[in-house]
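Undergrad: Handing you this structure, nothing more for now.
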Amino acid sequence: MNIIGPDALVFGVDDLAACRQYLIDYGLAEAGDGRFEALDGTAVVLRAKDDPALPAGLGTASLLRETVYGVADAATLDLIEHELRRDRVVTRRDGVLRTVDDMGFALAFQVTVRRPLALPAETVNAPGAVPQRGANRLGLSPDMAARPRSLSHVVYFVPDAAKAEAFYARLGFVTTDRFTGTGPFMRPAGTLEHHTLFMIQTPPFMKGCEHFTFHMGGPTEVLLAGTRFVEKGYESFWGPGRHKFGSNWFWYFNSPLGCHVEYDADMDLHDAQWVPREAPANEDSSQLFLFKPTEKWFPSGPPPKH
């Protein structure tokens, strides 16, 4: 089943105005009708929490109401529908297939809306290698863009990680790596990215979205976008740093969407030759290094104490 990855995440929120401003400040473009898009058209969609058009909630504090997956073609939709109709209700209308997974998360599948991107990645100059930036080309400028490029992945809290993993395996997801006793990193057949879905086993009352993230153009964009976000008054939760599984750079922030929101960049790619790793979930396995942002200072001494 040629599922590419998440096209959109739909939230039913308490404060539409605060969430709207958050997503704009994060770097997404307002596209109308509550839709906020990255450069390739993947998006976060906001609705009022009591909007009757929304799928039912999870019965917890989570505000995530639907995960929309993009697929390669209508034939993939046919395969998904055939598989899931074996044991659950599936609807198909206007090219969108809808159902609920084994944990109660509402899912939708559609031919992907992703627009092809033709953008350069971050360049690096290093001794011993041909320069990627020639003479007089700057690696950083104060006004350089740092826009989210594509919806990367979503992380669920689930009460039964093994059962949840088995459901997504039916749809062609494979487990790339695993945290012992915690949950799997999974990717669908239509991508080589280390994961588009990670699930963490928790008590049932915590079920919901832990975080989602969009890919940036490189680590400098993660740090630049995160710094600008902090300067706008948003609270850093974890990072900046670099994960071990996936190798992606990260920076997480608190949000009014009832979950954390991350910037990430430079994720590993894996094919069928990859042998999944397994490790206990701890500081050593989740991050290879972690920075702690501080106030700007000039190297004549530490920042003044308040």
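Residue names in the structure tokens use chain letters A, B, ... in the order shown, residue numbers from 1 in each chain, and ligand numbers from 1 in the order shown.
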Write out as an MDAnalysis selection string each polymer residue whose atoms come within 9 Å of A:Arg65, counting only C-alpha atoms; drop sequence neighbours fewer than 3 positions from it.
TA: chainID A and resid 9:12 54:58 62 105:107
Undergrad: Got a sec: who's within 10 Å of A:Leu79, counting only C-alpha atoms, leaving out chain neighbours fewer than 5 positions off, as a count of residues only?
TA: 5
Undergrad: What's around A:Phe212 at 12 Å? Count only C-alpha atoms, leave out sequence neighbours fewer than 5 positions away in its own chain, and write the answer as a JSON list (two decimals) with N, CA and C atoms, in the first residue's frame.
TA:
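What ended up in around.json:
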[["chain", "number", "residue", "atom", "x", "y", "z"],
["A", 6, "PRO", "N", 1.79, 11.59, 6.50],
["A", 6, "PRO", "CA", 0.68, 12.46, 6.89],
["A", 6, "PRO", "C", 0.57, 13.69, 6.00],
["A", 8, "ALA", "N", -2.13, 15.90, 6.68],
["A", 8, "ALA", "CA", -2.69, 16.93, 7.56],
["A", 8, "ALA", "C", -3.05, 16.32, 8.91],
["A", 9, "LEU", "N", -3.06, 17.18, 9.91],
["A", 9, "LEU", "CA", -3.57, 16.84, 11.24],
["A", 9, "LEU", "C", -4.68, 17.82, 11.57],
["A", 10, "VAL", "N", -5.82, 17.30, 12.01],
["A", 10, "VAL", "CA", -6.99, 18.12, 12.28],
["A", 10, "VAL", "C", -7.20, 18.18, 13.79],
["A", 11, "PHE", "N", -7.29, 19.39, 14.32],
["A", 11, "PHE", "CA", -7.47, 19.61, 15.75],
["A", 11, "PHE", "C", -8.78, 20.33, 16.01],
["A", 43, "ALA", "N", -0.32, 20.15, 6.09],
["A", 43, "ALA", "CA", -0.96, 21.18, 6.88],
["A", 43, "ALA", "C", -1.41, 20.72, 8.26],
["A", 44, "VAL", "N", -1.72, 21.73, 9.07],
["A", 44, "VAL", "CA", -2.51, 21.57, 10.29],
["A", 44, "VAL", "C", -3.83, 22.28, 10.04],
["A", 64, "LEU", "N", -6.40, 16.39, 19.24],
["A", 64, "LEU", "CA", -6.29, 15.83, 17.90],
["A", 64, "LEU", "C", -7.57, 15.08, 17.56],
["A", 67, "THR", "N", -6.15, 12.24, 11.78],
["A", 67, "THR", "CA", -4.88, 12.20, 11.06],
["A", 67, "THR", "C", -5.19, 11.84, 9.62],
["A", 150, "SER", "N", 7.62, 20.44, 5.10],
["A", 150, "SER", "CA", 6.73, 19.29, 4.93],
["A", 150, "SER", "C", 6.40, 18.69, 6.29],
["A", 151, "LEU", "N", 5.16, 18.22, 6.44],
["A", 151, "LEU", "CA", 4.75, 17.53, 7.67],
["A", 151, "LEU", "C", 5.54, 16.24, 7.79],
["A", 152, "SER", "N", 6.30, 16.10, 8.85],
["A", 152, "SER", "CA", 7.24, 15.00, 9.00],
["A", 152, "SER", "C", 6.59, 13.79, 9.66],
["A", 153, "HIS", "N", 6.15, 13.94, 10.92],
["A", 153, "HIS", "CA", 5.61, 12.78, 11.63],
["A", 153, "HIS", "C", 4.72, 13.23, 12.78],
["A", 154, "VAL", "N", 3.98, 12.26, 13.29],
["A", 154, "VAL", "CA", 3.12, 12.47, 14.44],
["A", 154, "VAL", "C", 3.43, 11.39, 15.46],
["A", 155, "VAL", "N", 3.31, 11.72, 16.73],
["A", 155, "VAL", "CA", 3.58, 10.78, 17.81],
["A", 155, "VAL", "C", 2.32, 10.64, 18.65],
["A", 156, "TYR", "N", 1.89, 9.38, 18.86],
["A", 156, "TYR", "CA", 0.70, 9.08, 19.64],
["A", 156, "TYR", "C", 1.09, 8.50, 21.00],
["A", 157, "PHE", "N", 0.34, 8.88, 22.02],
["A", 157, "PHE", "CA", 0.27, 8.12, 23.27],
["A", 157, "PHE", "C", -0.82, 7.06, 23.08],
["A", 195, "HIS", "N", 10.83, 7.55, 10.27],
["A", 195, "HIS", "CA", 9.48, 7.33, 10.80],
["A", 195, "HIS", "C", 8.57, 8.48, 10.42],
["A", 196, "THR", "N", 7.31, 8.14, 10.18],
["A", 196, "THR", "CA", 6.25, 9.14, 10.09],
["A", 196, "THR", "C", 5.28, 8.97, 11.26],
["A", 197, "LEU", "N", 5.46, 7.87, 12.01],
["A", 197, "LEU", "CA", 4.61, 7.58, 13.16],
["A", 197, "LEU", "C", 5.47, 6.94, 14.25],
["A", 198, "PHE", "N", 5.35, 7.46, 15.47],
["A", 198, "PHE", "CA", 5.97, 6.85, 16.63],
["A", 198, "PHE", "C", 4.89, 6.74, 17.69],
["A", 199, "MET", "N", 4.85, 5.59, 18.38],
["A", 199, "MET", "CA", 3.83, 5.38, 19.40],
["A", 199, "MET", "C", 4.47, 5.04, 20.73],
["A", 250, "PHE", "N", 16.28, 18.38, 16.40],
["A", 250, "PHE", "CA", 14.95, 18.66, 16.95],
["A", 250, "PHE", "C", 14.97, 19.89, 17.84],
["A", 251, "TRP", "N", 13.79, 20.48, 17.97],
["A", 251, "TRP", "CA", 13.50, 21.49, 18.99],
["A", 251, "TRP", "C", 12.00, 21.48, 19.21],
["A", 252, "TYR", "N", 11.58, 21.17, 20.45],
["A", 252, "TYR", "CA", 10.17, 21.04, 20.80],
["A", 252, "TYR", "C", 9.70, 22.26, 21.59],
["A", 253, "PHE", "N", 8.41, 22.59, 21.38],
["A", 253, "PHE", "CA", 7.81, 23.72, 22.07],
["A", 253, "PHE", "C", 6.45, 23.33, 22.64],
["A", 254, "ASN", "N", 6.08, 23.99, 23.74],
["A", 254, "ASN", "CA", 4.71, 23.88, 24.24],
["A", 254, "ASN", "C", 3.77, 24.59, 23.27],
["A", 255, "SER", "N", 2.50, 24.18, 23.28],
["A", 255, "SER", "CA", 1.55, 24.79, 22.35],
["A", 255, "SER", "C", 0.15, 24.81, 22.94],
["A", 257, "LEU", "N", -2.33, 23.67, 21.35],
["A", 257, "LEU", "CA", -3.05, 22.60, 20.67],
["A", 257, "LEU", "C", -3.15, 21.33, 21.51],
["A", 258, "GLY", "N", -2.75, 21.41, 22.77],
["A", 258, "GLY", "CA", -2.84, 20.25, 23.64],
["A", 258, "GLY", "C", -1.75, 19.23, 23.42],
["A", 259, "CYS", "N", -0.68, 19.62, 22.73],
["A", 259, "CYS", "CA", 0.44, 18.72, 22.46],
["A", 259, "CYS", "C", 1.69, 19.57, 22.25],
["A", 260, "HIS", "N", 2.83, 18.92, 22.15],
["A", 260, "HIS", "CA", 4.04, 19.64, 21.80],
["A", 260, "HIS", "C", 4.16, 19.74, 20.28],
["A", 261, "VAL", "N", 4.90, 20.75, 19.84],
["A", 261, "VAL", "CA", 5.13, 20.97, 18.42],
["A", 261, "VAL", "C", 6.63, 21.13, 18.23],
["A", 262, "GLU", "N", 7.15, 20.45, 17.22],
["A", 262, "GLU", "CA", 8.59, 20.35, 17.01],
["A", 262, "GLU", "C", 9.00, 20.96, 15.68],
["A", 263, "TYR", "N", 10.22, 21.45, 15.59],
["A", 263, "TYR", "CA", 10.92, 21.65, 14.32],
["A", 263, "TYR", "C", 11.92, 20.50, 14.19],
["A", 264, "ASP", "N", 12.07, 19.92, 12.97],
["A", 264, "ASP", "CA", 13.10, 18.91, 12.82],
["A", 264, "ASP", "C", 13.76, 19.04, 11.45]]
Undergrad: May I ask for the distance between atom CA of A:Arg178 and atom CA of A:Glu278, given in Å to one decimal place?
TA: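 Between atom CA of A:Arg178 and atom CA of A:Glu278 the gap works out to 4.8 Å.
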Undergrad: Please extract the residues of stretch 20-192 of chain A with a backbone DSSP assignment of strand (DSSP E or B) and present them as a ChimeraX atom specification.
TA: /A:29-32,35-37,43-48,64-71,91-93,96-100,106-111,150-158,174-180,183-187
Undergrad: Using only C-alpha atoms, which residues sit within 7 Å of A:Asn248 once same-chain residues fewer than 4 positions away are excluded, as a PyMOL selection string?
TA: chain A and resi 242-243+264-267
